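Structure file coords.csv (CSV, C-alpha atoms) is printed below.
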chain,number,residue,atom,x,y,z
A,1,MET,CA,100.5,208.9,230.1
A,2,PRO,CA,100.0,205.1,230.6
A,3,CYS,CA,98.9,205.6,234.2
A,4,GLY,CA,99.7,202.0,235.1
A,5,ILE,CA,97.9,200.5,232.1
A,6,PRO,CA,100.1,197.8,230.4
A,7,VAL,CA,100.9,198.9,226.9
A,8,ALA,CA,103.3,196.2,225.8
A,9,GLY,CA,103.4,192.4,225.7
A,10,GLY,CA,105.1,190.8,228.6
A,11,PRO,CA,107.4,187.8,228.7
A,12,LEU,CA,106.0,184.7,227.0
A,13,PRO,CA,104.3,182.3,229.5
A,14,PRO,CA,105.8,178.8,230.0
A,15,GLY,CA,104.9,176.6,227.0
A,16,ALA,CA,104.1,179.6,224.7
A,17,ARG,CA,107.3,179.3,222.6
A,18,PRO,CA,106.3,178.4,219.1
A,19,SER,CA,106.7,174.7,218.2
A,20,PRO,CA,109.0,173.9,215.3
A,21,LYS,CA,105.9,172.3,213.7
A,22,ILE,CA,104.3,175.8,213.4
A,23,ALA,CA,105.7,176.6,210.0
A,24,ARG,CA,104.4,180.1,209.5
A,25,LEU,CA,103.6,182.8,212.2
A,26,VAL,CA,101.0,185.4,211.2
A,27,ALA,CA,100.6,188.5,213.3
A,28,GLY,CA,97.2,190.2,213.2
A,29,VAL,CA,97.4,194.0,213.4
A,30,ASP,CA,94.6,196.5,214.3
A,31,GLU,CA,94.1,199.8,216.0
A,32,ALA,CA,91.7,201.6,218.3
A,33,GLY,CA,91.1,205.3,218.5
A,34,ARG,CA,91.5,206.8,215.0
A,35,GLY,CA,88.4,208.9,215.2
A,36,PRO,CA,88.3,210.4,218.7
A,37,LEU,CA,89.0,214.1,219.4
A,38,ALA,CA,91.2,213.2,222.4
A,39,GLY,CA,93.6,210.6,223.6
A,40,PRO,CA,96.3,208.5,222.0
A,41,LEU,CA,95.9,205.9,219.3
A,42,ALA,CA,96.4,202.3,220.4
A,43,VAL,CA,97.8,199.8,217.9
A,44,ALA,CA,98.2,196.1,218.7
A,45,ALA,CA,99.8,193.1,217.0
A,46,VAL,CA,99.0,189.5,218.1
A,47,ILE,CA,100.3,186.1,217.0
A,48,LEU,CA,97.8,183.5,218.2
A,49,ASN,CA,98.8,180.0,219.3
A,50,PRO,CA,97.0,177.4,217.1
A,51,ARG,CA,97.4,174.9,220.0
A,52,ARG,CA,95.5,177.2,222.4
A,53,ARG,CA,92.4,178.4,220.5
A,54,ILE,CA,90.2,181.2,221.8
A,55,ARG,CA,86.5,181.0,221.2
A,56,GLY,CA,84.4,184.0,220.4
A,57,LEU,CA,87.0,186.3,218.8
A,58,ASP,CA,85.4,189.1,216.7
A,59,ASP,CA,85.6,192.7,215.8
A,60,SER,CA,86.0,194.5,219.2
A,61,LYS,CA,83.2,197.0,218.3
A,62,LYS,CA,80.7,194.1,218.0
A,63,LEU,CA,81.5,192.8,221.5
A,64,THR,CA,80.3,194.1,224.9
A,65,GLU,CA,82.8,195.6,227.3
A,66,ALA,CA,82.5,192.6,229.6
A,67,ARG,CA,83.2,190.2,226.7
A,68,ARG,CA,86.1,192.2,225.4
A,69,GLU,CA,87.7,192.1,228.9
A,70,ALA,CA,87.2,188.4,229.2
A,71,LEU,CA,88.8,187.8,225.7
A,72,TYR,CA,91.6,190.2,226.5
A,73,ALA,CA,92.6,188.1,229.5
A,74,GLN,CA,92.5,184.9,227.3
A,75,ILE,CA,94.6,186.5,224.5
A,76,VAL,CA,97.3,187.7,226.9
A,77,GLU,CA,97.5,184.3,228.5
A,78,ARG,CA,97.3,182.1,225.4
A,79,ALA,CA,98.9,184.0,222.5
A,80,LEU,CA,102.3,183.2,221.3
A,81,ALA,CA,103.1,186.9,221.4
A,82,TRP,CA,101.4,190.2,221.6
A,83,HIS,CA,102.5,193.8,221.7
A,84,VAL,CA,100.5,197.1,221.9
A,85,VAL,CA,101.8,200.6,221.5
A,86,LEU,CA,100.4,204.1,222.0
A,87,VAL,CA,100.9,206.8,219.5
A,88,GLU,CA,100.6,210.0,221.5
A,89,VAL,CA,98.5,213.1,220.7
A,90,GLU,CA,101.6,215.2,219.8
A,91,GLU,CA,102.7,212.8,217.1
A,92,ILE,CA,99.1,212.5,215.7
A,93,ASP,CA,98.9,216.3,215.4
A,94,ARG,CA,102.4,216.5,213.9
A,95,ILE,CA,102.2,213.8,211.2
A,96,ASN,CA,98.3,213.3,210.9
A,97,ILE,CA,96.2,210.3,212.0
A,98,TYR,CA,96.9,208.2,208.9
A,99,GLN,CA,100.6,208.4,209.2
A,100,ALA,CA,100.4,207.9,212.9
A,101,THR,CA,98.4,204.7,212.3
A,102,MET,CA,100.9,203.4,209.8
A,103,ALA,CA,103.8,204.1,212.2
A,104,GLY,CA,102.0,202.5,215.1
A,105,MET,CA,101.4,199.3,213.1
A,106,CYS,CA,105.0,199.0,212.2
A,107,ARG,CA,106.1,199.5,215.9
A,108,ALA,CA,103.5,197.0,217.1
A,109,VAL,CA,104.8,194.3,214.8
A,110,ALA,CA,108.4,195.1,215.5
A,111,GLY,CA,107.8,194.9,219.2
A,112,LEU,CA,106.6,191.2,219.2
A,113,GLN,CA,108.8,188.9,221.2
A,114,VAL,CA,108.4,186.3,218.4
A,115,ALA,CA,109.2,187.5,214.9
A,116,ALA,CA,106.2,187.2,212.6
A,117,HIS,CA,106.6,185.8,209.1
A,118,GLU,CA,103.7,187.9,207.8
A,119,ALA,CA,101.4,190.6,209.2
A,120,TRP,CA,97.7,190.8,208.3
A,121,VAL,CA,96.5,194.3,208.8
A,122,ASP,CA,92.9,195.4,209.1
A,123,GLY,CA,91.8,197.8,206.3
A,124,ASN,CA,92.9,198.6,202.8
A,125,GLN,CA,96.2,200.3,203.5
A,126,LEU,CA,99.5,198.5,204.2
A,127,PRO,CA,102.3,200.3,206.1
A,128,LYS,CA,105.4,200.4,203.9
A,129,ALA,CA,107.9,200.0,206.8
A,130,LEU,CA,106.5,196.7,208.2
A,131,PRO,CA,109.4,194.5,209.4
A,132,CYS,CA,107.9,191.5,207.5
A,133,PRO,CA,105.7,190.9,204.4
A,134,GLY,CA,102.1,192.0,204.9
A,135,ARG,CA,98.5,191.8,203.7
A,136,ALA,CA,95.8,194.4,204.0
A,137,ILE,CA,92.4,192.8,204.6
A,138,VAL,CA,89.2,194.9,204.5
A,139,GLY,CA,87.0,193.9,207.4
A,140,GLY,CA,89.8,191.7,208.7
A,141,ASP,CA,88.8,192.4,212.3
A,142,ALA,CA,85.7,190.3,211.8
A,143,LEU,CA,87.2,187.7,209.4
A,144,GLU,CA,90.6,186.8,210.8
A,145,PRO,CA,91.0,185.6,214.4
A,146,ALA,CA,94.5,187.1,214.8
A,147,ILE,CA,93.2,190.6,213.6
A,148,SER,CA,90.2,190.2,215.9
A,149,ALA,CA,92.5,189.5,218.8
A,150,ALA,CA,94.6,192.6,217.9
A,151,SER,CA,91.4,194.7,217.7
A,152,ILE,CA,90.4,193.5,221.2
A,153,ILE,CA,93.9,194.2,222.7
A,154,ALA,CA,94.0,197.7,221.3
A,155,LYS,CA,90.4,198.6,222.3
A,156,VAL,CA,90.7,197.3,225.8
A,157,THR,CA,94.1,199.0,226.4
A,158,ARG,CA,92.8,202.3,225.1
A,159,ASP,CA,89.5,202.2,227.0
A,160,ARG,CA,91.3,201.4,230.2
A,161,LEU,CA,93.7,204.2,229.7
A,162,MET,CA,90.9,206.8,228.9
A,163,HIS,CA,89.1,205.7,232.0
A,164,ALA,CA,92.2,206.3,234.1
A,165,LEU,CA,92.9,209.6,232.4
A,166,ASP,CA,89.4,210.8,233.3
A,167,GLY,CA,90.7,211.4,236.8
A,168,HIS,CA,93.6,213.5,235.6
A,169,HIS,CA,91.4,215.7,233.4
A,170,PRO,CA,88.0,215.8,235.1
A,171,GLY,CA,84.9,217.3,233.6
A,172,TYR,CA,85.2,216.0,230.1
A,173,GLY,CA,83.7,212.6,230.6
A,174,PHE,CA,86.6,210.6,229.1
A,175,ALA,CA,85.6,207.5,231.1
A,176,ASN,CA,82.2,207.5,229.3
A,177,HIS,CA,82.9,208.5,225.7
A,178,LYS,CA,86.7,207.6,225.5
A,179,GLY,CA,87.4,210.9,223.7
A,180,TYR,CA,84.8,210.4,220.9
A,181,SER,CA,82.8,213.4,219.7
A,182,THR,CA,79.6,212.8,221.7
A,183,PRO,CA,77.2,215.6,222.7
A,184,GLU,CA,78.6,215.3,226.3
A,185,HIS,CA,82.1,215.7,225.1
A,186,LEU,CA,81.3,218.7,222.8
A,187,ALA,CA,79.5,220.4,225.6
A,188,ALA,CA,82.5,220.0,227.9
A,189,LEU,CA,84.8,221.4,225.2
A,190,ARG,CA,82.6,224.5,224.9
A,191,GLN,CA,82.7,225.0,228.6
A,192,LEU,CA,86.2,224.0,229.5
A,193,GLY,CA,88.2,224.4,226.3
A,194,PRO,CA,90.8,221.8,225.1
A,195,CYS,CA,93.0,219.9,227.6
A,196,PRO,CA,96.4,218.4,226.8
A,197,LEU,CA,94.7,215.2,225.7
A,198,HIS,CA,92.9,216.9,222.8
A,199,ARG,CA,94.1,216.5,219.2
A,200,ARG,CA,94.5,220.1,218.0
A,201,SER,CA,94.5,219.0,214.4
A,202,PHE,CA,91.0,217.6,214.7
A,203,ALA,CA,87.9,219.7,214.1
A,204,PRO,CA,86.1,220.8,216.2
A,205,VAL,CA,89.0,221.0,218.6
A,206,LYS,CA,91.0,223.0,216.0
A,207,LEU,CA,88.1,225.4,215.5
A,208,LEU,CA,87.8,226.0,219.2
A,209,HIS,CA,91.5,226.4,219.7
A,210,ASP,CA,91.8,228.8,216.8
A,211,GLN,CA,88.7,230.9,217.2
A,212,GLY,CA,87.6,230.3,220.8
A,213,THR,CA,84.3,228.8,219.8
A,214,LEU,CA,83.1,225.5,218.3
A,215,PHE,CA,80.6,227.1,216.0

So that I can check it, write out the structure of this file as structure tokens.
Amino acid sequence: MPCGIPVAGGPLPPGARPSPKIARLVAGVDEAGRGPLAGPLAVAAVILNPRRRIRGLDDSKKLTEARREALYAQIVERALAWHVVLVEVEEIDRINIYQATMAGMCRAVAGLQVAAHEAWVDGNQLPKALPCPGRAIVGGDALEPAISAASIIAKVTRDRLMHALDGHHPGYGFANHKGYSTPEHLAALRQLGPCPLHRRSFAPVKLLHDQGTLF
């Protein structure tokens, strides 16, 4: 499904290895795509480099697309480590979106090339299987730069992927609404029915799949 969209952190750039003077490495963790009717969930973990600060980090939902893209490039270049994973539709339908989110957060932190001493997770729920101690921070994507960075990485990765997948599943408008339940998307569902990207466990997809109509 990735369609050429990078979904993992690459090798650390020269000079990005943590200095012995950096005593504690904190990974910010956030997701994008819990609510849509279609497409995977993207979950990212980022350890920022305090020696290479990034200005303007914020909750990805508060930023314009152009600003998110610009910050994405800076995060990838300057972070000590970053990793993003996709939790596919089949797993979301099998274990539910909450469990899929918790699993994705654990995988994202575990995939970092530099081990985090602690993970700060956006929200009020902390995954039990994190590979390090963690904290849940409500509104963390607007409060903690590392979580903001993870929010941006997850959002940009997923948006790029949904834009690419629009060409594989034409007619639904995935490039525009990214799988969310907009009037355009619901109208396409009525006309075309679900495609493989749709989450069968989500209403109204489930209703259409089970009964052949949305309403």

Give me, as a PyMOL selection string, all polymer residues having an atom no more than 10 Å from Ala32 of chain A, counting all atoms listed in the file and skipping those fewer than 4 positions away in the same chain. chain A and resi 36+40-44+60-61+86+101+150-159

Write out, as an mmCIF file, in the coordinates of the input, the residues just selected, with C-alpha atoms.
data_model
loop_
_atom_site.group_PDB
_atom_site.id
_atom_site.type_symbol
_atom_site.label_atom_id
_atom_site.label_comp_id
_atom_site.auth_asym_id
_atom_site.auth_seq_id
_atom_site.Cartn_x
_atom_site.Cartn_y
_atom_site.Cartn_z
ATOM 1 C CA PRO A 36 88.300 210.400 218.700
ATOM 2 C CA PRO A 40 96.300 208.500 222.000
ATOM 3 C CA LEU A 41 95.900 205.900 219.300
ATOM 4 C CA ALA A 42 96.400 202.300 220.400
ATOM 5 C CA VAL A 43 97.800 199.800 217.900
ATOM 6 C CA ALA A 44 98.200 196.100 218.700
ATOM 7 C CA SER A 60 86.000 194.500 219.200
ATOM 8 C CA LYS A 61 83.200 197.000 218.300
ATOM 9 C CA LEU A 86 100.400 204.100 222.000
ATOM 10 C CA THR A 101 98.400 204.700 212.300
ATOM 11 C CA ALA A 150 94.600 192.600 217.900
ATOM 12 C CA SER A 151 91.400 194.700 217.700
ATOM 13 C CA ILE A 152 90.400 193.500 221.200
ATOM 14 C CA ILE A 153 93.900 194.200 222.700
ATOM 15 C CA ALA A 154 94.000 197.700 221.300
ATOM 16 C CA LYS A 155 90.400 198.600 222.300
ATOM 17 C CA VAL A 156 90.700 197.300 225.800
ATOM 18 C CA THR A 157 94.100 199.000 226.400
ATOM 19 C CA ARG A 158 92.800 202.300 225.100
ATOM 20 C CA ASP A 159 89.500 202.200 227.000
#

Please indicate the distance in Å from atom CA of Ala188 of chain A to atom CA of Ile97 of chain A, rounded to one decimal place.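 Going from atom CA of Ala188 of chain A over to atom CA of Ile97 of chain A, I get 23.1 Å.
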
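Across A:Ala136, A:Leu192, A:Ala38, A:Leu112, the tightest approach to Glu90 of chain A is made by A:Ala38 when counting only C-alpha atoms.
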
If we count only C-alpha atoms and set the cut-off at 12 Å, which residues sit around Leu208 of chain A, ignoring sequence neighbours fewer than 5 positions away in its own chain? Please answer as number ranges by chain. A: 37, 186-195, 198-203, 213-215

Write a file of the just-selected residues containing C-alpha atoms, as an mmCIF file, keeping the file's coordinate frame.
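selection13.cif was written with the following content:
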data_model
loop_
_atom_site.group_PDB
_atom_site.id
_atom_site.type_symbol
_atom_site.label_atom_id
_atom_site.label_comp_id
_atom_site.auth_asym_id
_atom_site.auth_seq_id
_atom_site.Cartn_x
_atom_site.Cartn_y
_atom_site.Cartn_z
ATOM 1 C CA LEU A 37 89.000 214.100 219.400
ATOM 2 C CA LEU A 186 81.300 218.700 222.800
ATOM 3 C CA ALA A 187 79.500 220.400 225.600
ATOM 4 C CA ALA A 188 82.500 220.000 227.900
ATOM 5 C CA LEU A 189 84.800 221.400 225.200
ATOM 6 C CA ARG A 190 82.600 224.500 224.900
ATOM 7 C CA GLN A 191 82.700 225.000 228.600
ATOM 8 C CA LEU A 192 86.200 224.000 229.500
ATOM 9 C CA GLY A 193 88.200 224.400 226.300
ATOM 10 C CA PRO A 194 90.800 221.800 225.100
ATOM 11 C CA CYS A 195 93.000 219.900 227.600
ATOM 12 C CA HIS A 198 92.900 216.900 222.800
ATOM 13 C CA ARG A 199 94.100 216.500 219.200
ATOM 14 C CA ARG A 200 94.500 220.100 218.000
ATOM 15 C CA SER A 201 94.500 219.000 214.400
ATOM 16 C CA PHE A 202 91.000 217.600 214.700
ATOM 17 C CA ALA A 203 87.900 219.700 214.100
ATOM 18 C CA THR A 213 84.300 228.800 219.800
ATOM 19 C CA LEU A 214 83.100 225.500 218.300
ATOM 20 C CA PHE A 215 80.600 227.100 216.000
#

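From atom CA of Ala146 of chain A back to atom CA of Ala115 of chain A, the distance works out to 14.7 Å.
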
How far is it from atom CA of Gln74 of chain A to atom CA of Leu165 of chain A, in Å with one decimal?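 Rounded to one decimal, the two atoms are 25.2 Å apart.
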
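Proximity to Ala129 of chain A was assessed for A:Ala142, A:Cys106, A:Ala45, A:Ile147 counting all atoms listed in the file; the smallest distance is recorded for A:Cys106.
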
Nearby residues (all atoms listed in the file) at most 10 Å from Leu143 of chain A, same-chain spacing under 4 positions excluded, as a VMD selection string: chain A and resid 57 to 59 122 137 to 139 147 to 148

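Among A:Leu63, A:Ile47, A:Arg53, A:Met162, the residue with the shortest atom-to-atom distance to Gln113 of chain A, counting only C-alpha atoms, is A:Ile47.
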
Rebuild segment 79-107 of chain A so that it carries N, CA and C atoms, then output the result as a compact mmCIF listing (two decimals), in the frame of the given file.
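selection-v6.txt was written with the following content:
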# COMPACT_ATOMS: atom_id res chain seq x y z
N ALA A 79 98.19 183.69 223.76
CA ALA A 79 98.90 184.00 222.50
C ALA A 79 100.34 183.69 222.55
N LEU A 80 100.90 183.38 221.39
CA LEU A 80 102.30 183.20 221.30
C LEU A 80 103.08 184.47 221.60
N ALA A 81 102.53 185.59 221.12
CA ALA A 81 103.10 186.90 221.40
C ALA A 81 102.10 187.97 221.12
N TRP A 82 102.23 189.07 221.87
CA TRP A 82 101.40 190.20 221.60
C TRP A 82 102.14 191.48 222.03
N HIS A 83 101.81 192.57 221.37
CA HIS A 83 102.50 193.80 221.70
C HIS A 83 101.49 194.96 221.32
N VAL A 84 101.40 195.94 222.19
CA VAL A 84 100.50 197.10 221.90
C VAL A 84 101.32 198.36 222.20
N VAL A 85 101.15 199.34 221.33
CA VAL A 85 101.80 200.60 221.50
C VAL A 85 100.82 201.75 221.46
N LEU A 86 101.21 202.86 222.08
CA LEU A 86 100.40 204.10 222.00
C LEU A 86 101.10 205.11 221.19
N VAL A 87 100.36 205.70 220.27
CA VAL A 87 100.90 206.80 219.50
C VAL A 87 100.25 208.08 220.14
N GLU A 88 101.08 208.93 220.71
CA GLU A 88 100.60 210.00 221.50
C GLU A 88 99.99 211.16 220.67
N VAL A 89 99.23 212.01 221.34
CA VAL A 89 98.50 213.10 220.70
C VAL A 89 99.48 214.01 219.91
N GLU A 90 100.64 214.30 220.50
CA GLU A 90 101.60 215.20 219.80
C GLU A 90 102.03 214.67 218.49
N GLU A 91 102.25 213.37 218.41
CA GLU A 91 102.70 212.80 217.10
C GLU A 91 101.52 212.76 216.14
N ILE A 92 100.32 212.46 216.61
CA ILE A 92 99.10 212.50 215.70
C ILE A 92 98.97 213.86 215.11
N ASP A 93 99.09 214.90 215.92
CA ASP A 93 98.90 216.30 215.40
C ASP A 93 100.07 216.64 214.46
N ARG A 94 101.24 216.10 214.70
CA ARG A 94 102.40 216.50 213.90
C ARG A 94 102.40 215.82 212.51
N ILE A 95 102.03 214.52 212.44
CA ILE A 95 102.20 213.80 211.20
C ILE A 95 100.83 213.39 210.56
N ASN A 96 99.72 213.61 211.23
CA ASN A 96 98.30 213.30 210.90
C ASN A 96 97.99 211.84 211.28
N ILE A 97 96.70 211.59 211.42
CA ILE A 97 96.20 210.30 212.00
C ILE A 97 96.56 209.14 211.10
N TYR A 98 96.53 209.33 209.78
CA TYR A 98 96.90 208.20 208.90
C TYR A 98 98.30 207.78 209.05
N GLN A 99 99.22 208.74 209.00
CA GLN A 99 100.60 208.40 209.20
C GLN A 99 100.91 207.86 210.56
N ALA A 100 100.21 208.38 211.56
CA ALA A 100 100.40 207.90 212.90
C ALA A 100 99.94 206.41 213.01
N THR A 101 98.86 206.08 212.31
CA THR A 101 98.40 204.70 212.30
C THR A 101 99.38 203.77 211.65
N MET A 102 99.91 204.18 210.49
CA MET A 102 100.90 203.40 209.80
C MET A 102 102.14 203.16 210.65
N ALA A 103 102.61 204.22 211.31
CA ALA A 103 103.80 204.10 212.20
C ALA A 103 103.53 203.20 213.35
N GLY A 104 102.36 203.34 213.95
CA GLY A 104 102.00 202.50 215.10
C GLY A 104 101.95 201.03 214.75
N MET A 105 101.43 200.71 213.56
CA MET A 105 101.40 199.30 213.10
C MET A 105 102.76 198.72 212.97
N CYS A 106 103.67 199.49 212.40
CA CYS A 106 105.00 199.00 212.20
C CYS A 106 105.69 198.76 213.60
N ARG A 107 105.48 199.67 214.55
CA ARG A 107 106.10 199.50 215.90
C ARG A 107 105.48 198.32 216.62
